[in-house]
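Heads up, entry17.tsv below (TSV, C-alpha atoms):
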chain	number	residue	atom	x	y	z
A	1	MET	CA	47.03	-26.64	2.62
A	2	LYS	CA	45.11	-24.65	5.24
A	3	ASN	CA	45.86	-21.47	3.40
A	4	LYS	CA	44.46	-22.96	0.22
A	5	ILE	CA	41.18	-23.85	1.89
A	6	PHE	CA	40.95	-20.41	3.42
A	7	PHE	CA	41.65	-18.81	0.06
A	8	SER	CA	39.00	-20.81	-1.82
A	9	VAL	CA	36.39	-20.23	0.89
A	10	ALA	CA	37.06	-16.52	0.72
A	11	ILE	CA	36.75	-16.46	-3.07
A	12	ILE	CA	33.57	-18.56	-3.11
A	13	SER	CA	31.87	-16.47	-0.45
A	14	SER	CA	32.77	-13.20	-2.15
A	15	LEU	CA	31.49	-14.62	-5.44
A	16	ILE	CA	28.18	-15.51	-3.77
A	17	ILE	CA	27.88	-12.05	-2.25
A	18	PHE	CA	28.76	-10.45	-5.58
A	19	PHE	CA	26.15	-12.55	-7.37
A	20	VAL	CA	23.41	-11.70	-4.86
A	21	LEU	CA	24.14	-7.98	-4.95
A	22	PHE	CA	24.47	-7.99	-8.74
A	23	LYS	CA	21.10	-9.65	-9.08
A	24	GLY	CA	19.65	-7.07	-6.70
A	25	LEU	CA	20.93	-4.32	-8.99
A	26	GLN	CA	18.74	-5.59	-11.78
A	27	ASN	CA	15.60	-5.54	-9.67
A	28	THR	CA	13.43	-2.56	-10.31
A	29	ASN	CA	13.19	-0.16	-7.41
A	30	ILE	CA	9.81	1.08	-8.53
A	31	TYR	CA	6.83	-0.55	-6.90
A	32	THR	CA	5.27	-3.11	-9.21
A	33	PRO	CA	1.93	-4.21	-7.86
A	34	GLN	CA	0.89	-7.82	-8.09
A	35	VAL	CA	-1.95	-8.16	-10.55
A	36	ASP	CA	-2.94	-11.77	-10.15
A	37	VAL	CA	-3.82	-11.72	-6.50
A	38	LYS	CA	-6.92	-13.65	-5.62
A	39	LYS	CA	-8.14	-12.00	-2.45
A	40	ASP	CA	-11.40	-11.43	-0.69
A	41	ILE	CA	-12.73	-7.95	-1.15
A	42	PRO	CA	-12.14	-5.66	1.82
A	43	TYR	CA	-14.96	-4.56	4.07
A	44	PHE	CA	-15.67	-0.85	3.75
A	45	GLU	CA	-18.40	1.71	4.03
A	46	ALA	CA	-18.86	4.38	1.41
A	47	LYS	CA	-21.12	7.27	0.66
A	48	ILE	CA	-23.03	7.05	-2.58
A	49	PHE	CA	-21.95	9.73	-5.02
A	50	ASP	CA	-23.88	12.99	-4.63
A	51	SER	CA	-25.97	11.76	-1.74
A	52	ASP	CA	-25.69	11.08	1.96
A	53	ILE	CA	-26.65	7.42	1.82
A	54	VAL	CA	-23.94	5.15	3.20
A	55	LYS	CA	-23.61	1.57	1.98
A	56	ASN	CA	-21.22	-1.16	3.02
A	57	SER	CA	-19.39	-3.60	0.80
A	58	ASN	CA	-21.71	-6.50	1.63
A	59	GLU	CA	-24.69	-4.54	0.36
A	60	ILE	CA	-22.88	-3.39	-2.76
A	61	PHE	CA	-21.47	-6.73	-3.87
A	62	GLN	CA	-24.31	-8.98	-2.75
A	63	LYS	CA	-25.26	-10.47	-6.11
A	64	GLU	CA	-23.67	-13.52	-7.62
A	65	ASN	CA	-22.68	-11.90	-10.90
A	66	PHE	CA	-19.42	-10.23	-11.83
A	67	TYR	CA	-18.55	-6.73	-10.71
A	68	LEU	CA	-16.05	-4.31	-12.10
A	69	LEU	CA	-14.90	-1.73	-9.58
A	70	ASN	CA	-13.32	1.18	-11.40
A	71	ILE	CA	-11.46	3.88	-9.49
A	72	TRP	CA	-11.68	7.11	-11.43
A	73	SER	CA	-11.49	10.84	-11.11
A	74	SER	CA	-12.34	13.78	-13.31
A	75	TRP	CA	-8.83	15.24	-12.93
A	76	CYS	CA	-7.16	12.08	-14.18
A	77	ALA	CA	-6.38	12.14	-17.89
A	78	PRO	CA	-5.93	8.36	-18.37
A	79	CYS	CA	-9.44	7.91	-16.90
A	80	ARG	CA	-10.77	9.97	-19.77
A	81	ASN	CA	-8.98	7.65	-22.21
A	82	GLU	CA	-10.32	4.46	-20.69
A	83	HIS	CA	-13.86	5.78	-20.46
A	84	PRO	CA	-14.98	4.56	-23.94
A	85	ILE	CA	-13.83	1.07	-22.95
A	86	LEU	CA	-15.96	1.08	-19.84
A	87	LEU	CA	-18.89	2.26	-21.94
A	88	LYS	CA	-18.37	-0.74	-24.20
A	89	LEU	CA	-18.64	-3.05	-21.21
A	90	LYS	CA	-21.69	-1.27	-19.87
A	91	ASP	CA	-24.30	-3.46	-21.59
A	92	GLN	CA	-22.61	-6.73	-20.78
A	93	VAL	CA	-25.03	-9.04	-19.03
A	94	ASN	CA	-23.69	-10.60	-15.88
A	95	LEU	CA	-21.45	-7.60	-15.23
A	96	GLU	CA	-22.07	-4.55	-13.09
A	97	ILE	CA	-19.70	-1.64	-13.25
A	98	ILE	CA	-19.25	0.27	-10.01
A	99	GLY	CA	-17.34	3.51	-9.95
A	100	LEU	CA	-15.28	4.77	-7.06
A	101	ASN	CA	-14.86	8.50	-7.43
A	102	TYR	CA	-11.39	9.17	-6.02
A	103	LYS	CA	-10.60	12.51	-4.33
A	104	ASP	CA	-12.69	14.50	-6.71
A	105	ASN	CA	-14.61	17.73	-6.84
A	106	ILE	CA	-18.26	16.79	-7.17
A	107	ILE	CA	-19.07	19.48	-9.72
A	108	ASN	CA	-16.19	18.45	-11.97
A	109	ALA	CA	-17.11	14.79	-11.59
A	110	LYS	CA	-20.69	15.49	-12.64
A	111	LYS	CA	-19.47	17.48	-15.63
A	112	PHE	CA	-17.19	14.60	-16.60
A	113	LEU	CA	-20.08	12.12	-16.53
A	114	LYS	CA	-22.40	14.46	-18.40
A	115	GLU	CA	-19.86	14.96	-21.13
A	116	LEU	CA	-18.75	11.34	-21.55
A	117	ASN	CA	-21.81	9.39	-20.29
A	118	SER	CA	-21.79	7.17	-17.29
A	119	PRO	CA	-20.98	3.47	-17.58
A	120	TYR	CA	-21.58	2.96	-13.88
A	121	ARG	CA	-24.52	1.25	-12.27
A	122	LEU	CA	-23.53	2.76	-8.95
A	123	ILE	CA	-20.98	5.39	-8.03
A	124	LEU	CA	-19.37	5.57	-4.60
A	125	SER	CA	-17.42	8.53	-3.44
A	126	ASP	CA	-14.01	8.35	-1.82
A	127	GLU	CA	-13.34	11.87	-0.64
A	128	ASN	CA	-10.02	11.32	1.08
A	129	GLY	CA	-8.73	8.22	-0.70
A	130	ILE	CA	-9.09	5.85	2.23
A	131	ILE	CA	-11.37	3.39	0.47
A	132	ALA	CA	-8.91	3.06	-2.39
A	133	ILE	CA	-6.28	2.12	0.18
A	134	GLU	CA	-8.60	-0.53	1.63
A	135	TRP	CA	-8.50	-2.03	-1.86
A	136	GLY	CA	-4.73	-1.83	-2.01
A	137	ALA	CA	-4.91	0.58	-4.92
A	138	TYR	CA	-2.24	3.14	-5.41
A	139	GLY	CA	-3.70	5.60	-7.85
A	140	VAL	CA	-6.19	6.28	-10.57
A	141	PRO	CA	-7.30	4.64	-12.76
A	142	GLU	CA	-7.37	1.18	-11.33
A	143	THR	CA	-9.91	-1.56	-11.94
A	144	PHE	CA	-10.81	-4.72	-10.08
A	145	LEU	CA	-12.81	-7.63	-11.46
A	146	ILE	CA	-14.83	-9.24	-8.68
A	147	HIS	CA	-16.76	-12.47	-8.48
A	148	ASN	CA	-18.38	-13.96	-5.39
A	149	LYS	CA	-16.82	-11.27	-3.21
A	150	ARG	CA	-13.34	-12.16	-4.40
A	151	ILE	CA	-11.00	-10.12	-6.53
A	152	ILE	CA	-10.12	-12.24	-9.52
A	153	LYS	CA	-8.19	-9.75	-11.59
A	154	ARG	CA	-6.68	-6.35	-11.09
A	155	TYR	CA	-5.84	-3.79	-13.75
A	156	VAL	CA	-3.43	-1.07	-12.74
A	157	GLY	CA	-3.64	1.90	-15.07
A	158	PRO	CA	-6.17	2.45	-17.84
A	159	LEU	CA	-8.02	-0.46	-19.40
A	160	ASN	CA	-7.33	-1.21	-23.05
A	161	MET	CA	-8.78	-3.40	-25.81
A	162	ASN	CA	-6.89	-6.45	-24.50
A	163	SER	CA	-8.42	-6.03	-21.08
A	164	ILE	CA	-11.91	-5.97	-22.63
A	165	ILE	CA	-11.23	-9.30	-24.30
A	166	GLU	CA	-9.87	-10.71	-21.07
A	167	ILE	CA	-12.78	-9.46	-18.98
A	168	LYS	CA	-15.28	-10.89	-21.47
A	169	LYS	CA	-13.49	-14.22	-21.29
A	170	PHE	CA	-13.79	-14.22	-17.52
A	171	ILE	CA	-17.51	-13.45	-17.59
A	172	GLU	CA	-18.46	-16.11	-20.11
B	1	MET	CA	-5.05	31.65	46.72
B	2	LYS	CA	-2.95	28.91	48.28
B	3	TYR	CA	-4.88	26.27	46.40
B	4	LEU	CA	-4.60	28.15	43.15
B	5	LYS	CA	-0.84	27.71	43.28
B	6	TYR	CA	-1.20	23.97	43.69
B	7	ILE	CA	-3.75	23.78	40.95
B	8	LEU	CA	-1.42	25.67	38.63
B	9	ILE	CA	1.49	23.37	39.47
B	10	PHE	CA	-0.73	20.37	38.86
B	11	LEU	CA	-1.85	21.76	35.53
B	12	PHE	CA	1.71	22.44	34.42
B	13	LEU	CA	2.91	19.00	35.42
B	14	PHE	CA	0.05	17.12	33.88
B	15	ASP	CA	-0.47	19.32	30.89
B	16	LEU	CA	-2.90	17.49	28.65
B	17	ASN	CA	-1.31	19.02	25.58
B	18	LEU	CA	1.59	16.67	26.11
B	19	LEU	CA	-0.66	13.76	25.29
B	20	ASN	CA	-1.46	15.35	22.00
B	21	ALA	CA	2.18	15.88	21.14
B	22	ASN	CA	2.78	12.21	21.80
B	23	GLU	CA	0.11	11.26	19.36
B	24	ASN	CA	1.69	13.42	16.66
B	25	ASN	CA	4.99	11.77	17.38
B	26	SER	CA	3.72	8.28	16.77
B	27	HIS	CA	1.97	9.50	13.64
B	28	SER	CA	5.16	10.87	12.14
B	29	GLU	CA	7.13	7.88	13.34
B	30	ILE	CA	4.80	5.53	11.53
B	31	THR	CA	4.65	7.55	8.33
B	32	LYS	CA	8.45	7.84	8.29
B	33	ASN	CA	8.70	4.07	8.28
B	34	LEU	CA	6.34	3.73	5.32
B	35	ARG	CA	7.56	3.87	1.76
B	36	CYS	CA	5.66	6.02	-0.70
B	37	LEU	CA	4.99	3.46	-3.41
B	38	ILE	CA	4.48	5.85	-6.26
B	39	CYS	CA	7.41	8.15	-5.55
B	40	GLN	CA	11.05	7.16	-5.68
B	41	GLY	CA	13.10	7.21	-2.52
B	42	GLN	CA	10.60	9.09	-0.39
B	43	SER	CA	8.75	8.10	2.71
B	44	ILE	CA	5.06	8.72	3.18
B	45	HIS	CA	6.02	11.38	5.70
B	46	ASP	CA	8.08	13.35	3.18
B	47	SER	CA	5.85	12.94	0.18
B	48	ASP	CA	2.95	15.14	-0.79
B	49	SER	CA	1.48	12.85	-3.44
B	50	GLU	CA	-2.20	11.89	-3.43
B	51	PHE	CA	-1.27	8.38	-2.36
B	52	ALA	CA	0.90	9.56	0.53
B	53	ASN	CA	-1.70	12.03	1.72
B	54	SER	CA	-4.36	9.32	1.78
B	55	ILE	CA	-2.09	7.02	3.78
B	56	LYS	CA	-1.42	9.85	6.25
B	57	ILE	CA	-5.16	10.33	6.74
B	58	LEU	CA	-5.57	6.59	7.12
B	59	VAL	CA	-2.82	6.37	9.74
B	60	SER	CA	-4.42	9.14	11.82
B	61	LYS	CA	-7.78	7.44	11.50
B	62	LYS	CA	-6.37	4.10	12.61
B	63	LEU	CA	-4.57	5.75	15.55
B	64	ASN	CA	-7.85	7.36	16.54
B	65	ASP	CA	-9.51	3.96	16.31
B	66	GLY	CA	-6.99	2.78	18.89
B	67	LEU	CA	-4.78	0.62	16.68
B	68	SER	CA	-1.16	0.20	17.71
B	69	GLU	CA	1.81	0.95	15.48
B	70	ASP	CA	2.35	-2.73	14.71
B	71	GLN	CA	-1.30	-3.27	13.88
B	72	ILE	CA	-1.14	-0.44	11.35
B	73	TYR	CA	1.97	-1.96	9.78
B	74	ILE	CA	0.25	-5.33	9.55
B	75	PHE	CA	-2.80	-3.72	7.96
B	76	LEU	CA	-0.76	-1.94	5.32
B	77	LYS	CA	1.46	-4.95	4.72
B	78	GLU	CA	-1.63	-6.98	3.96
B	79	LYS	CA	-2.72	-4.41	1.38
B	80	TYR	CA	0.57	-3.53	-0.28
B	81	GLY	CA	3.07	-6.19	0.74
B	82	GLU	CA	6.33	-6.00	2.65
B	83	TRP	CA	7.65	-3.35	0.24
B	84	ILE	CA	5.69	-0.59	1.93
B	85	LEU	CA	7.71	-0.99	5.15
B	86	TYR	CA	11.19	0.48	5.36
B	87	ASP	CA	12.04	-1.95	8.13
B	88	PRO	CA	11.37	-5.41	6.75
B	89	GLY	CA	10.38	-8.13	9.19
B	90	PHE	CA	12.23	-11.37	9.77
B	91	ASN	CA	10.80	-13.96	7.36
B	92	LYS	CA	11.97	-16.45	4.77
B	93	ASN	CA	12.66	-13.72	2.23
B	94	THR	CA	14.81	-11.73	4.60
B	95	TYR	CA	16.79	-14.42	6.49
B	96	PHE	CA	19.77	-13.71	4.29
B	97	LEU	CA	19.45	-9.96	4.74
B	98	TRP	CA	19.36	-10.11	8.51
B	99	LEU	CA	21.78	-12.98	9.08
B	100	LEU	CA	24.51	-12.07	6.60
B	101	PRO	CA	26.08	-9.28	8.69
B	102	LEU	CA	26.02	-11.51	11.75
B	103	LEU	CA	27.59	-14.37	9.80
B	104	MET	CA	30.29	-12.11	8.42
B	105	PHE	CA	30.99	-10.80	11.89
B	106	ILE	CA	31.37	-14.31	13.28
B	107	ILE	CA	33.57	-15.48	10.41
B	108	GLY	CA	35.70	-12.36	10.64
B	109	GLY	CA	36.05	-12.78	14.37
B	110	ALA	CA	37.08	-16.41	13.92
B	111	ILE	CA	39.72	-15.43	11.39
B	112	ILE	CA	41.15	-12.76	13.66
B	113	LEU	CA	41.15	-15.15	16.58
B	114	LYS	CA	42.92	-17.82	14.57
B	115	ARG	CA	45.44	-15.59	12.85
B	116	PHE	CA	46.57	-13.35	15.63
B	117	ILE	CA	45.66	-14.75	18.98
B	118	ILE	CA	46.09	-18.49	18.62
B	119	LYS	CA	49.22	-18.11	16.48
B	120	LYS	CA	50.86	-15.89	19.09
B	121	ASN	CA	50.44	-18.60	21.68
Encoded form using structure tokens:
Amino acid sequence: MKNKIFFSVAIISSLIIFFVLFKGLQNTNIYTPQVDVKKDIPYFEAKIFDSDIVKNSNEIFQKENFYLLNIWSSWCAPCRNEHPILLKLKDQVNLEIIGLNYKDNIINAKKFLKELNSPYRLILSDENGIIAIEWGAYGVPETFLIHNKRIIKRYVGPLNMNSIIEIKKFIE
Amino acid sequence: MKYLKYILIFLFLFDLNLLNANENNSHSEITKNLRCLICQGQSIHDSDSEFANSIKILVSKKLNDGLSEDQIYIFLKEKYGEWILYDPGFNKNTYFLWLLPLLMFIIGGAIILKRFIIKKN
């Protein structure tokens, strides 16, 4: 009788362990960032692109309308692809697009904007990538939709037509 | 001349460079315990990706600002979640992880005790 109990306990516990480990196998081991986090924007100070003026986040995001913070770089190919989409959002009322120039060479960045036009109302520069980390970003391109100093949506990777529709829905 | 000897001994014993070496140590210790999120199976310390390099700069900046190791972990955990730490803390998601080996050890010990020691008596 005792042996039977011992045997079944052993089998059940090994089944549980097997199940847990098996489920763990199916989990991806690549970092998948959460996109629906509603968080306050971080406090940071940044230099304005191609100038020595420093502004902090409270000054940048002081209005009540929506902001789109786009992290971009001239060396990043997907940024080039998403650029037309940002240009489409440029004339949206109630939305200000702010660029964060990530670890870029200023001459190349200027060339990039001259060639493709600038959708940004304001460009901040992030020379060593620290500001992007304050935002919890992990690369370029990455875009944050902000309202009332809160992040309401995060797009990892280039924006596409679906994200335009979604962003427009948020603003209206 | 006599004093010079003492001054030299003092300088050797309390070499200020040692302080610097310490700082580097804690920097590499911290970055070794951080996972590079965009590389597979590499720590921030080992990786040379843009992301890892930025985190390294950030860690030195935070150390310069006087933040402790734990404060830096908390800061990064807030930004990127528990996944960025190689050494996960004890919370409701990791109870099982931390307690399972202990539980198995206790159960195994109980079995051994019952089988071999109590039976012998």
For chain A, which residues have at least one atom within 12 Å of chain B, if we go by all atoms listed in the file? Write them as an mmCIF file with C-alpha atoms, in the frame of the given file, please.
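So the final result, stored in out.cif, reads:
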data_model
loop_
_atom_site.group_PDB
_atom_site.id
_atom_site.type_symbol
_atom_site.label_atom_id
_atom_site.label_comp_id
_atom_site.auth_asym_id
_atom_site.auth_seq_id
_atom_site.Cartn_x
_atom_site.Cartn_y
_atom_site.Cartn_z
ATOM 1 C CA LYS A 2 45.110 -24.650 5.240
ATOM 2 C CA ASN A 3 45.860 -21.470 3.400
ATOM 3 C CA PHE A 6 40.950 -20.410 3.420
ATOM 4 C CA PHE A 7 41.650 -18.810 0.060
ATOM 5 C CA VAL A 9 36.390 -20.230 0.890
ATOM 6 C CA ALA A 10 37.060 -16.520 0.720
ATOM 7 C CA SER A 13 31.870 -16.470 -0.450
ATOM 8 C CA SER A 14 32.770 -13.200 -2.150
ATOM 9 C CA ILE A 16 28.180 -15.510 -3.770
ATOM 10 C CA ILE A 17 27.880 -12.050 -2.250
ATOM 11 C CA VAL A 20 23.410 -11.700 -4.860
ATOM 12 C CA LEU A 21 24.140 -7.980 -4.950
ATOM 13 C CA GLY A 24 19.650 -7.070 -6.700
ATOM 14 C CA THR A 28 13.430 -2.560 -10.310
ATOM 15 C CA ASN A 29 13.190 -0.160 -7.410
ATOM 16 C CA ILE A 30 9.810 1.080 -8.530
ATOM 17 C CA TYR A 31 6.830 -0.550 -6.900
ATOM 18 C CA THR A 32 5.270 -3.110 -9.210
ATOM 19 C CA PRO A 33 1.930 -4.210 -7.860
ATOM 20 C CA GLN A 34 0.890 -7.820 -8.090
ATOM 21 C CA VAL A 35 -1.950 -8.160 -10.550
ATOM 22 C CA VAL A 37 -3.820 -11.720 -6.500
ATOM 23 C CA LYS A 39 -8.140 -12.000 -2.450
ATOM 24 C CA ASP A 40 -11.400 -11.430 -0.690
ATOM 25 C CA ILE A 41 -12.730 -7.950 -1.150
ATOM 26 C CA PRO A 42 -12.140 -5.660 1.820
ATOM 27 C CA CYS A 76 -7.160 12.080 -14.180
ATOM 28 C CA TYR A 102 -11.390 9.170 -6.020
ATOM 29 C CA LYS A 103 -10.600 12.510 -4.330
ATOM 30 C CA ASP A 104 -12.690 14.500 -6.710
ATOM 31 C CA ASP A 126 -14.010 8.350 -1.820
ATOM 32 C CA GLU A 127 -13.340 11.870 -0.640
ATOM 33 C CA ASN A 128 -10.020 11.320 1.080
ATOM 34 C CA GLY A 129 -8.730 8.220 -0.700
ATOM 35 C CA ILE A 130 -9.090 5.850 2.230
ATOM 36 C CA ILE A 131 -11.370 3.390 0.470
ATOM 37 C CA ALA A 132 -8.910 3.060 -2.390
ATOM 38 C CA ILE A 133 -6.280 2.120 0.180
ATOM 39 C CA GLU A 134 -8.600 -0.530 1.630
ATOM 40 C CA TRP A 135 -8.500 -2.030 -1.860
ATOM 41 C CA GLY A 136 -4.730 -1.830 -2.010
ATOM 42 C CA ALA A 137 -4.910 0.580 -4.920
ATOM 43 C CA TYR A 138 -2.240 3.140 -5.410
ATOM 44 C CA GLY A 139 -3.700 5.600 -7.850
ATOM 45 C CA VAL A 140 -6.190 6.280 -10.570
#
Item to check | atom CA of Leu69 of chain A to atom CA of Leu113 of chain A, straight-line distance in Å | outcome: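 So the answer is 16.3 Å.
Interatomic distance, atom CA of Lys114 of chain A to atom CA of Lys153 of chain A: 28.9 Å.
Distances here use all atoms listed in the file; by that measure, the residue among A:Leu124, A:Ile146, A:Ile151, A:Ile167 closest to Ser51 of chain A is A:Leu124.
With atom CA of Phe66 of chain A on one side and atom CA of Asn94 of chain A on the other, the separation reads 5.9 Å.
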Can you sort out the box for segment 108-114 of chain A, edges along x, y and z, all listed atoms in, 3 Å on every side, with centre and edge lengths in Å to one decimal, as lines of an AutoDock Vina configuration file?
center_x = -19.3
center_y = 15.3
center_z = -15.0
size_x = 12.2
size_y = 12.3
size_z = 12.8
Next on the checklist: Set the distance at 12 Å and use all atoms listed in the file: which residues neighbour Gln92 of chain A once local chain neighbours fewer than 2 positions away are removed? I'd like the list as a ChimeraX atom specification.
Outcome noted: /A:65-68,85-90,94-97,119-121,164,167-169,171-172
Hey, can you spit out that residue selection with C-alpha atoms as a PDB file, keeping the file's coordinate frame?
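Writing the result to result.pdb gives the following:
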ATOM      1  CA  ASN A  65     -22.680 -11.900 -10.900  1.00  0.00           C
ATOM      2  CA  PHE A  66     -19.420 -10.230 -11.830  1.00  0.00           C
ATOM      3  CA  TYR A  67     -18.550  -6.730 -10.710  1.00  0.00           C
ATOM      4  CA  LEU A  68     -16.050  -4.310 -12.100  1.00  0.00           C
ATOM      5  CA  ILE A  85     -13.830   1.070 -22.950  1.00  0.00           C
ATOM      6  CA  LEU A  86     -15.960   1.080 -19.840  1.00  0.00           C
ATOM      7  CA  LEU A  87     -18.890   2.260 -21.940  1.00  0.00           C
ATOM      8  CA  LYS A  88     -18.370  -0.740 -24.200  1.00  0.00           C
ATOM      9  CA  LEU A  89     -18.640  -3.050 -21.210  1.00  0.00           C
ATOM     10  CA  LYS A  90     -21.690  -1.270 -19.870  1.00  0.00           C
ATOM     11  CA  ASN A  94     -23.690 -10.600 -15.880  1.00  0.00           C
ATOM     12  CA  LEU A  95     -21.450  -7.600 -15.230  1.00  0.00           C
ATOM     13  CA  GLU A  96     -22.070  -4.550 -13.090  1.00  0.00           C
ATOM     14  CA  ILE A  97     -19.700  -1.640 -13.250  1.00  0.00           C
ATOM     15  CA  PRO A 119     -20.980   3.470 -17.580  1.00  0.00           C
ATOM     16  CA  TYR A 120     -21.580   2.960 -13.880  1.00  0.00           C
ATOM     17  CA  ARG A 121     -24.520   1.250 -12.270  1.00  0.00           C
ATOM     18  CA  ILE A 164     -11.910  -5.970 -22.630  1.00  0.00           C
ATOM     19  CA  ILE A 167     -12.780  -9.460 -18.980  1.00  0.00           C
ATOM     20  CA  LYS A 168     -15.280 -10.890 -21.470  1.00  0.00           C
ATOM     21  CA  LYS A 169     -13.490 -14.220 -21.290  1.00  0.00           C
ATOM     22  CA  ILE A 171     -17.510 -13.450 -17.590  1.00  0.00           C
ATOM     23  CA  GLU A 172     -18.460 -16.110 -20.110  1.00  0.00           C
TER      24      GLU A 172
END
